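**Student:** Got a structure for you, written out below as structure tokens; questions coming shortly.
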Protein chains: 2
Amino acid sequence: MILLVLFSLIFSLSPSCIKTQENRPYLETAERILKKGLKEQEAYSLLKDLVTIGPRLTGSPQAAKAVEYTHQKMLDLGLENVHLEPITVPHWVRGTAEEGKLLSARLGSHPLSICAIGGSISTPKKGISANIVEVRSFEELQQLGEKARGKIVFFNRPMDPSLLNTFGSYGQAADQRVQGAVEAAKAGAVAALVRSLTLRLDDFPHTGLMHSDSEVREIPAACISTKGADFLSASLKKDVSLRVHLKLSCQNLPPVNSHNVVGQITGSERPDEIILIGGHLDSWDLGPGAHDDGAGCVQSLEALRLLKELGLQPKRTIRAVMFMNEEFGGSGGRDYAQAEERKEESHLAAIEADRGGFLPLGFGVGGNPRTIRHLQRWEYLLQSIGMCWIKQGGGGVDIAPLAEQGTILIGLIPDSQPYFDLHHSALDVLSAVHPRHLELGAVAMAVFAYVLAQEGI
Amino acid sequence: MILLVLFSLIFSLSPSCIKTQENRPYLETAERILKKGLKEQEAYSLLKDLVTIGPRLTGSPQAAKAVEYTHQKMLDLGLENVHLEPITVPHWVRGTAEEGKLLSARLGSHPLSICAIGGSISTPKKGISANIVEVRSFEELQQLGEKARGKIVFFNRPMDPSLLNTFGSYGQAADQRVQGAVEAAKAGAVAALVRSLTLRLDDFPHTGLMHSDSEVREIPAACISTKGADFLSASLKKDVSLRVHLKLSCQNLPPVNSHNVVGQITGSERPDEIILIGGHLDSWDLGPGAHDDGAGCVQSLEALRLLKELGLQPKRTIRAVMFMNEEFGGSGGRDYAQAEERKEESHLAAIEADRGGFLPLGFGVGGNPRTIRHLQRWEYLLQSIGMCWIKQGGGGVDIAPLAEQGTILIGLIPDSQPYFDLHHSALDVLSAVHPRHLELGAVAMAVFAYVLAQEGI
């Protein structure tokens, strides 16, 4: 690239909104946080440690180790009020004998890349073999009437690639995984097989949670990779009488004691007024959950590290919470909000990072339009650290129960384009995280939490 | 993730600025372009084809094949005025015998990951072995006086990780690669070795162009990987008398005939008024240049495909240009601007995409503040397709020569965080490109070019 042109590009690209310090306070503070963060990139080091523990499924020994690790890390960082808050969590295990196979007299036998959906019961030890009915929706399933009885219902509606917000595509397709087994069981099916919730075409199955219904018989349920789903669908067109063999060895074990992990920088003027930042410590079990939600946890820790080491003492308390069990029912967030200690505290705002450690674009804010407009006065500050906007929306599963006490719920919103490529799958690994993207999210949390701690809502 | 919360997140996150169609025209058009683009993701298919050709170094047979490929693709898309414009380009070849080695009586012999800088002369056939002087700047080199004579000057100033805009970090460090050999030669050195321009610590050397000075003796120049640079620097602290052996077999061959590739949708009302969109077809030779600048080329082609297939006939001409030889001196852009045909045409605006196929954030616009403010009225439209802003800045090497005729220069500005990880290295491959990011850039070019073609500047 020709340097002359390059230089002129670079120096003219600083945000046009940064004019004077006088009516735009905190710009210098934001820059200090940004520079220190990008220089040291400690969020990535923290994440590297965390993922070394392995997948952190709620109730697992690895989840317990992650509690220990983050608790110790908070002590090492010199945070205050560092403690564990006990909660109870479900304990489901996948088991080792997981298998899917297409069996056809005409097409032969082919392995299918599948995984049990979280919460599923196991198949009989030898597995289940049955014919397939393929549907795209619950309506289609109902129209089949008795035709699904004794069969495996194959839900094969892909995520819509044409939506800009991939969370929208996910939301439109997730009913199949969440409610598919219950609907299939109602129709008399012996199992449910669901197309993985990803926009990629590959051989990785994606898991996630399923609902059960005490009034409906439980049946085994698995997700199939998108390539596997396309292959199965094409094969069905050639041989409608093919069978699928499914073997799952999962177990729902008795609940387990676990913990939320809490630490903070106590406010110098209003210590009982709290700005919470957090993510969830548990992940799914197919990968180490580097993005979901290792990223949100380490970004919260890193935000406090940056503030502390820069000597930025907030007037109100900024507290990091590593919530346990977001993925398997959200008990961590609920128990945190209902804990006895909360009665003495007032949570002004809670910022959750649980959309992956990708380039942060803005914050989504719940609450009424006046609150949002009021917070939008900080957009110039976020723009100075590379973000774009504050919009309505946001929040997060773990902080949602705080809404009852009037807490403003805020979500860190990064680029959503690559998220579902890896969400809940073996692809959610450290190498899928860019150190600078991850760090910019931590910087964003630090800057926004600090300004809220200084200025209130 | 709990679906109830999820749904409420998704549907509240649509941009707050989109209110009515009446005073915000083209929203529906932009949405059609976006949906078609994201659904079909043809930019990625085009890129897949293009990178199959291999690295497209100016003057190479692969560059000629890329001319053929894109020319044919323009014909296949049914574009108008499809033609090649002849230009002359340098022809440098790297050669196969490229080698770097650290030689120390105390530390032993260690391979170093190096590559010749574009334009470098070769070493003697057996290579050069010499002692090393390490410097961080030209000032430091000058202060060394005669100490650099007969040695290899090792420029080891890293890119600054603390800047938000990585192009800024690049711009601050690139003098070492561009001008290092000339400065080293002035000091009497036998070769220059330059720390690769990347923010990553890895074993991949990054190449790029170097200047020469007819008044200064030419010496061989190579880049060394960042890990190699750190190793060499640490080794020098242990053994200041170590030597480095460098072998380069590059050749500067006679210039070659090549082409810019041109195709367009001719305007229905003002065909001679042109909105140009483009990228450069040549790449460096270490990798297939998927981001630099395969991305910009296929995004320009894809933008025209989207408009054409949607039946969006522009009033003014929208022209795609695949410029040849951006990397080796920019002759494609200069010759395009000066060609005889340009005398009959008026280029209102030119949009270049040459910063990688990452998530597009906005457009940088050159020209006076009034022009920029005027164009900023389209920010709502760009925000509806996920972008953030229109700011001062932008442009691009290939379109810069059009400034003389008053053309407004515009650059597509994507996320810059990962760009220099792969820039000018073997890492710039298809798998480093996300299909949705790439497509969103094409959508952005289509939307902005179309609205400029309809409304003028």
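Convention: chains lettered A, B, ... in structure tokens order; per-chain residue numbering from 1; ligands numbered from 1 as shown.
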Could I get the residues of segment 208-267 of chain B with an atom no further than 9 Å from an atom of segment 293-312 of chain B, each paired with its nearest atom pair and that distance in Å to one decimal, using only C-alpha atoms, sorted by chain and residue number, as CSV?
**Tutor:**
residue,atom,partner,partner_atom,distance
B:Gly263,CA,B:Leu301,CA,8.9
B:Gln264,CA,B:Leu304,CA,7.5
B:Ile265,CA,B:Leu304,CA,7.3
**Student:** May I have the residues within 10 Å of segment 395-410 of chain B as a ChimeraX atom specification, using only C-alpha atoms and disregarding those fewer than 5 positions away in the same chain?
**Tutor:** /A:1-6,8-9 /B:274-280,321-327,329-338,342-343,346-355,363-368,371-372,390,457
**Student:** List as a VMD selection string the protein and nucleic acid residues near segment 108-113 of chain B, meaning an atom at most 8 Å away when only C-alpha atoms are counted, but skip any in the same chain fewer than 2 places from it.
**Tutor:** chain B and resid 99 to 106 115 203 to 205 224 to 225 228
**Student:** Name the closest residue to chain B among the candidates A:Phe231, A:Tyr380, A:Tyr170, A:Phe155; distances are taken between atoms, counting only C-alpha atoms.
**Tutor:**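 Ranked by minimum distance to chain B, first place goes to A:Tyr170.
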**Student:** DSSP on the backbone: what in segment 16-202 of chain B comes out alpha helix (DSSP H), as a PyMOL selection string?
**Tutor:** chain B and resi 27-40+42-52+61-76+138-143+166-173+175-186
**Student:** Please, could you write that set of residues out with C-alpha atoms as a short mmCIF file (atom, residue, chain, number, x, y, z; two decimals), in the first residue's frame?
**Tutor:**
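The result, stored in part-v6.cif:
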data_model
loop_
_atom_site.label_atom_id
_atom_site.label_comp_id
_atom_site.auth_asym_id
_atom_site.auth_seq_id
_atom_site.Cartn_x
_atom_site.Cartn_y
_atom_site.Cartn_z
CA LEU B 27 -35.02 1.44 3.06
CA GLU B 28 -37.01 -1.19 1.24
CA THR B 29 -34.45 -1.37 -1.56
CA ALA B 30 -31.63 -1.80 0.95
CA GLU B 31 -33.51 -4.58 2.67
CA ARG B 32 -34.06 -6.43 -0.61
CA ILE B 33 -30.36 -6.20 -1.43
CA LEU B 34 -29.43 -7.33 2.09
CA LYS B 35 -31.75 -10.32 2.12
CA LYS B 36 -30.78 -11.54 -1.31
CA GLY B 37 -27.09 -11.13 -0.49
CA LEU B 38 -27.21 -12.95 2.82
CA LYS B 39 -29.35 -15.71 1.39
CA GLU B 40 -27.18 -16.44 -1.64
CA GLU B 42 -22.32 -15.42 -3.87
CA ALA B 43 -19.39 -13.19 -2.92
CA TYR B 44 -17.89 -16.16 -1.13
CA SER B 45 -18.39 -18.46 -4.14
CA LEU B 46 -16.64 -15.93 -6.35
CA LEU B 47 -13.79 -15.66 -3.89
CA LYS B 48 -13.49 -19.43 -3.71
CA ASP B 49 -13.03 -19.50 -7.49
CA LEU B 50 -10.58 -16.60 -7.46
CA VAL B 51 -8.27 -18.01 -4.78
CA THR B 52 -8.14 -21.34 -6.61
CA PRO B 61 0.75 -15.94 -14.88
CA GLN B 62 -1.77 -16.21 -12.01
CA ALA B 63 -2.47 -12.49 -12.22
CA ALA B 64 -3.17 -12.96 -15.93
CA LYS B 65 -5.52 -15.82 -15.12
CA ALA B 66 -7.34 -13.64 -12.61
CA VAL B 67 -7.84 -11.04 -15.36
CA GLU B 68 -9.34 -13.74 -17.57
CA TYR B 69 -11.50 -15.11 -14.77
CA THR B 70 -13.03 -11.78 -13.73
CA HIS B 71 -13.45 -10.68 -17.36
CA GLN B 72 -15.39 -13.87 -18.11
CA LYS B 73 -17.37 -13.53 -14.89
CA MET B 74 -18.45 -10.00 -15.90
CA LEU B 75 -19.62 -11.35 -19.25
CA ASP B 76 -21.47 -14.19 -17.51
CA PHE B 138 16.33 5.36 11.38
CA GLU B 139 17.55 7.85 14.01
CA GLU B 140 19.04 5.00 16.00
CA LEU B 141 20.67 3.71 12.82
CA GLN B 142 22.21 7.10 12.09
CA GLN B 143 23.59 7.34 15.60
CA THR B 166 -4.60 -1.16 13.38
CA PHE B 167 -3.94 0.78 10.15
CA GLY B 168 -2.53 3.45 12.43
CA SER B 169 -0.14 0.94 14.01
CA TYR B 170 0.83 -0.25 10.54
CA GLY B 171 1.43 3.25 9.29
CA GLN B 172 3.72 3.98 12.24
CA ALA B 173 5.88 0.89 11.67
CA ASP B 175 8.78 2.83 7.23
CA GLN B 176 11.11 0.01 8.34
CA ARG B 177 9.96 -2.25 5.51
CA VAL B 178 9.49 0.46 2.91
CA GLN B 179 12.62 2.54 3.46
CA GLY B 180 14.76 0.26 5.64
CA ALA B 181 16.95 -1.13 2.88
CA VAL B 182 17.78 2.33 1.50
CA GLU B 183 18.67 3.66 4.96
CA ALA B 184 20.69 0.56 5.78
CA ALA B 185 22.57 0.83 2.48
CA LYS B 186 23.38 4.48 3.20
#
**Student:** Set the distance at 8 Å and use only C-alpha atoms: which residues neighbour segment 246-262 of chain A once local chain neighbours fewer than 2 positions away are removed? I'd like the list as a VMD selection string.
**Tutor:** chain A and resid 59 64 67 70 to 71 81 to 101 116 119 to 129 220 244 264 319 to 324 332 336
**Student:** What does the distance between atom CA of Glu345 of chain B and atom CA of Pro314 of chain B come to in Å, to one decimal place?
**Tutor:**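 Calculated distance between atom CA of Glu345 of chain B and atom CA of Pro314 of chain B is 16.4 Å.
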**Student:** Give me the residues near Ile132 of chain A as a ChimeraX atom specification, where near means some atom within 10 Å (using only C-alpha atoms) and where sequence neighbours in that chain fewer than 6 positions away do not count.
**Tutor:** /A:147-148,150-154,189,191-193,232-233,236,240-244
**Student:** Give me a file of those residues, with N, CA and C atoms, as an mmCIF file, in the first residue's frame.
**Tutor:**
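See out_20.cif below for the written result:
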data_model
loop_
_atom_site.group_PDB
_atom_site.id
_atom_site.type_symbol
_atom_site.label_atom_id
_atom_site.label_comp_id
_atom_site.auth_asym_id
_atom_site.auth_seq_id
_atom_site.Cartn_x
_atom_site.Cartn_y
_atom_site.Cartn_z
ATOM 1 N N LYS A 147 -49.238 -40.680 11.519
ATOM 2 C CA LYS A 147 -48.086 -41.142 10.720
ATOM 3 C C LYS A 147 -46.755 -41.056 11.452
ATOM 4 N N ALA A 148 -46.724 -40.273 12.552
ATOM 5 C CA ALA A 148 -45.462 -40.147 13.284
ATOM 6 C C ALA A 148 -45.316 -41.242 14.351
ATOM 7 N N GLY A 150 -44.514 -44.252 16.490
ATOM 8 C CA GLY A 150 -43.501 -45.312 16.413
ATOM 9 C C GLY A 150 -42.274 -44.912 15.605
ATOM 10 N N LYS A 151 -42.252 -43.671 15.135
ATOM 11 C CA LYS A 151 -41.135 -43.226 14.291
ATOM 12 C C LYS A 151 -40.243 -42.204 15.012
ATOM 13 N N ILE A 152 -39.172 -41.861 14.357
ATOM 14 C CA ILE A 152 -38.322 -40.744 14.813
ATOM 15 C C ILE A 152 -38.732 -39.504 14.027
ATOM 16 N N VAL A 153 -39.113 -38.448 14.740
ATOM 17 C CA VAL A 153 -39.469 -37.195 14.054
ATOM 18 C C VAL A 153 -38.182 -36.392 13.808
ATOM 19 N N PHE A 154 -37.982 -36.045 12.544
ATOM 20 C CA PHE A 154 -36.781 -35.324 12.116
ATOM 21 C C PHE A 154 -37.174 -33.886 11.796
ATOM 22 N N ALA A 189 -44.168 -40.423 18.724
ATOM 23 C CA ALA A 189 -42.847 -40.773 18.194
ATOM 24 C C ALA A 189 -41.985 -41.440 19.267
ATOM 25 N N ALA A 191 -38.515 -41.007 19.206
ATOM 26 C CA ALA A 191 -37.361 -40.131 19.421
ATOM 27 C C ALA A 191 -37.511 -38.895 18.547
ATOM 28 N N ALA A 192 -36.706 -37.868 18.870
ATOM 29 C CA ALA A 192 -36.673 -36.649 18.044
ATOM 30 C C ALA A 192 -35.237 -36.410 17.587
ATOM 31 N N LEU A 193 -35.121 -36.010 16.334
ATOM 32 C CA LEU A 193 -33.813 -35.695 15.768
ATOM 33 C C LEU A 193 -33.933 -34.294 15.160
ATOM 34 N N LEU A 232 -29.438 -36.819 5.291
ATOM 35 C CA LEU A 232 -30.592 -37.638 5.694
ATOM 36 C C LEU A 232 -31.825 -37.257 4.880
ATOM 37 N N SER A 233 -32.018 -35.961 4.677
ATOM 38 C CA SER A 233 -33.185 -35.493 3.928
ATOM 39 C C SER A 233 -33.128 -35.966 2.475
ATOM 40 N N LEU A 236 -33.816 -39.674 2.328
ATOM 41 C CA LEU A 236 -35.250 -39.991 2.500
ATOM 42 C C LEU A 236 -36.006 -39.866 1.180
ATOM 43 N N VAL A 240 -37.778 -43.823 1.286
ATOM 44 C CA VAL A 240 -38.640 -43.329 2.354
ATOM 45 C C VAL A 240 -38.710 -44.312 3.524
ATOM 46 N N SER A 241 -38.319 -45.549 3.274
ATOM 47 C CA SER A 241 -38.414 -46.554 4.346
ATOM 48 C C SER A 241 -37.082 -46.757 5.068
ATOM 49 N N LEU A 242 -36.134 -45.863 4.841
ATOM 50 C CA LEU A 242 -34.857 -46.016 5.562
ATOM 51 C C LEU A 242 -35.111 -45.876 7.061
ATOM 52 N N ARG A 243 -34.183 -46.382 7.860
ATOM 53 C CA ARG A 243 -34.285 -46.283 9.310
ATOM 54 C C ARG A 243 -33.071 -45.528 9.851
ATOM 55 N N VAL A 244 -33.271 -44.907 10.987
ATOM 56 C CA VAL A 244 -32.125 -44.308 11.676
ATOM 57 C C VAL A 244 -31.949 -45.036 12.999
#
**Student:** Could you jot down the atom CA of Glu269 of chain A to atom CA of Met445 of chain A separation for me, Å, one decimal place?
**Tutor:**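 Calculated distance between atom CA of Glu269 of chain A and atom CA of Met445 of chain A is 20.9 Å.
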**Student:** So that I can check the surroundings of Phe420 of chain A, please list as a count of residues only every protein, DNA and RNA residue that reaches within 9 Å of it, counting only C-alpha atoms and ignoring chain neighbours fewer than 2 positions away.
**Tutor:** 13
**Student:** Can you work out which one of A:Ala453, A:Ala444, A:Leu57, A:Ala174 has the shortest atom-to-atom distance to Gly411 of chain A, counting only C-alpha atoms?
**Tutor:**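 Among the listed residues, A:Ala444 lies closest to Gly411 of chain A.
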**Student:** Restricting the calculation to only C-alpha atoms, which member of B:Ala446, B:Cys223, B:Glu218, B:Met210 is positioned closest to chain A?
**Tutor:** B:Met210
**Student:** Of the candidates A:Leu144, A:Val433, A:Ala339, A:Leu375, which one gets nearest to Gly357 of chain A if we count only C-alpha atoms?
**Tutor:** A:Val433
**Student:** Go through B:Asn23, B:Gln313, B:Thr58, B:Gln41 and flag the residue nearest chain A, using only C-alpha atoms for the distances.
**Tutor:**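 Residue with the minimum atom-to-atom distance to chain A: B:Gln41.
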**Student:** Please report, as a PyMOL selection string, each residue of segment 26-195 of chain B to which DSSP assigns strand (DSSP E) when run on this structure's backbone.
**Tutor:** chain B and resi 80-93+99-104+108-112+114-116+128-135+152-155+191-195
**Student:** Quote the spacing between atom CA of Gly267 of chain B and atom CA of Tyr26 of chain B in Å to one decimal place.
**Tutor:**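 Between atom CA of Gly267 of chain B and atom CA of Tyr26 of chain B the gap is 17.8 Å.
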**Student:** Please provide the set of residues having any atom within 7 Å of Gly287 of chain B, restricted to only C-alpha atoms, with same-chain residues fewer than 2 positions apart removed, written as an MDAnalysis selection string.
**Tutor:** chainID B and resid 55 284:285 289 425:429
**Student:** Write the residues you've just listed into a file as a short mmCIF file (atom, residue, chain, number, x, y, z; two decimals), in the first residue's frame, and include C-alpha atoms for each of them.
**Tutor:**
data_model
loop_
_atom_site.label_atom_id
_atom_site.label_comp_id
_atom_site.auth_asym_id
_atom_site.auth_seq_id
_atom_site.Cartn_x
_atom_site.Cartn_y
_atom_site.Cartn_z
CA PRO B 55 -1.35 -15.95 -5.45
CA TRP B 284 1.25 -10.66 -2.81
CA ASP B 285 2.81 -13.98 -3.64
CA GLY B 289 -4.78 -12.74 -1.12
CA SER B 425 1.42 -13.33 4.38
CA ALA B 426 0.63 -16.99 3.75
CA LEU B 427 -2.24 -16.63 6.24
CA ASP B 428 -4.36 -14.57 3.83
CA VAL B 429 -6.46 -17.54 2.73
#
